[in-house]
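Novice: This is the structure, below, for whatever I ask next.
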Amino acid sequence: MGQPTPASPSPAELSPVAAQVTSSGAAAPADNRAFAAVVATIDRLDALGLVDERGLSLVEPATTFEPAP
Amino acid sequence: MTPDAAPETPLHYLSIRELGARYRRRELSPVEVTRAILARAEALAGRLNAFITITADEALHDAEQAERSFAAGANFGPLHGVPISLKDLYLTRGVRTTGGSNILADWIPDRESAVGEKLRRAGAIVVGKNNLHEFAFGATNENPHYGPARNPWDVERITGGSSGGSAAAVAAGMGYASLGSDTGGSIRLPAALCGVVGHKPTYGLVSRYGILPLSWSLDHAGPLARTVEDVAFVMNAIVGHDSRDPASVRRVAQDLVGGLDGRVGGLRIGLLREYMGADVAPEVAAAVREAAATLEGLGASVDEVSIPEVEQAGGASIGILYPEAAAVHEAWLNDRADEYGADVRGRLEQGARLTGVQYLKAQRARRALTERFATVFRRYDLIATPTVPILAPTIPESRGDVARAALLGYTRLFNVLGLPACSVPCGFSEVGLPIGLQLVGPAFEDATVLRAAHAYERQAGLTTRRPLL
């Protein structure tokens with residue numbers, strides 16, 4: 001308590017890869033648009049009923065993957 | 001079984017069965033055939049760019065060994081003395097393995113892939129390493145480091161990827177089969193666009209040990225060849241448990257060749273409505289409907305099935321593939337990012353930006369989709385779709401977003417589900433471009449998938465049409 005909340009680490013601190021992405025200059029807006037499209041595609045997965053109307057998560061991840069026989 | 005080849009069938013287009021028969025009758029020798037395949041590969045290298053490395057010396061050495069084995073009365077089976085090739089994603093002991101990249105341009109592994117080991121033990125002769133989309137992370141096979149693989153049916157058009165060199169090599173008679181990899185459709189897509197057969201086995205059935213990974217939980221290894229029977233011969237040689245691949249399953253291997261002539265009558269086939277809509281090119285839709293009618297004529301029942309959840313396949317695939325690929329490439333992406341082609345680098349960087357929550361959402365979607373398909377396969381033995389909804393685009397056309405989205409749109413779902421899926425040629429467009437039918441079965445029902453594909457192939461009679469080269 002009373003301590004200042006540390007600032008969130010920047011992408012550069014988290015990952016050199018992320019740093020390259022965010023400092024990629026002129027190409028960044030196009031990169032960001034492409035990335036936004038990827039994120040939107042993943043967001044739409046909620047349509048599969050992954051959560052109920054209260055936001056309760058209903059489906060566990062397939063962490064160890066083997067196709068059901 | 002595949003009928004004997006007509007006498008006029010060129011040597012490089014013989015079936016594996018016919019090639020073996022001519023070896024046994026001493027009408028052909030492995031050295032003679034390997035020389036002919038190598039000569040063809042060299043002659044077509046400039047037009048098709050299907051190989052990154054041609055291993056002529058090693059192939060001829062192996063062919064001489066095969067010849068001695070035959071002379072001594074040994075026979076290792078149907079692949080004995082059969083020239084094949086490997087996508088340059090498969091590690092080859094003592095032979096460079098580039099992954100289609102600049103990063104590994106000079107890498108000579110000290111070990112062999114599990115599939116390569118099995119094929120060599122079966123007597124197959126590796127004539128070279130096929131061109132591919134860089135690190136298998138793309139659908140066009142437009143490779144910035146080694147040039148594009150070109151479609152034998154029209155060299156201005158893409159082969160599809162990422163196993164594009166494999167498909168071109170098989171279609172053009174530069175080997176009797178090739179081994180590819182499939183993370184979102186990379187065996188089936190180029191097979192469809194190049195007019196050959198490609199099979200993505202059930203996840204876990206074929207070891208990925210010694211194949212450069214792209215996405216551990218989506219990667220599959222499998223064959224491309226000119227007929228379903230040839231694919232089955234290769235499958236028989238490469239299936240089996242391998243403790244070096246954590247995903248490898250322990251199952252009693254089925255004889256996939258022996259099962260080809262079983263009954264198709266009575267099979268219940270669902271034609272997937274969501275993959276037969278307005279996005280499908282009219283000539284593709286017509287060919288797939290005709291194929292469905294052919295299967296009905298063979299005694300199968302075919303009706304349309306709607307599975308609206310498949311519209312989410314893209315999110316599930318990308319949400320798993322991109323982060324796993326970014327994890328695979330993390331070290332190089334941090335230190336050598338400039339050495340990637342722009343498209344692959346862009347996808348890897350997007351993968352690195354996705355969060356754990358987004359990755360797990362995709363894994364949850366995978367579970368939901370798997371459960372949905374478990375119910376679908378209570379009603380159907382197989383699902384049928386176009387392999388690709390469009391015809392092979394030209395190389396410039398393939399750079400557009402619409403073409404790129406279409407190329408893997410109907411295949412990647414079955415990587416998420418890990419289900420066996422085979423692309424078999426089902427027609428040609430008016431300008432002579434191949435069209436593929438995709439047949440998908442429940443997990444570990446590879447035999448049923450290949451049986452139906454084989455029955456269709458025989459009835460359709462398309463296997464003798466060749467590209468003009």
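Please note that chains go A, B, ... in the order of the structure tokens, that every chain numbers its residues from 1, and that ligands are numbered from 1 in the order shown.
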Please, which residues of chain B lie no more than 9 Å from chain A when the count uses only C-alpha atoms, and can they be set out as a PyMOL selection string?

Specialist: chain B and resi 202-204+217+247+249+309+312-316+318-319+330+333-335+337+346-347+349-354+358-371+374+417-419+442-445

Novice: To one decimal place, how far is atom CA of Val388 of chain B from atom CA of Pro148 of chain B in Å?

Specialist: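 Distance reported for this atom pair: 19.5 Å.
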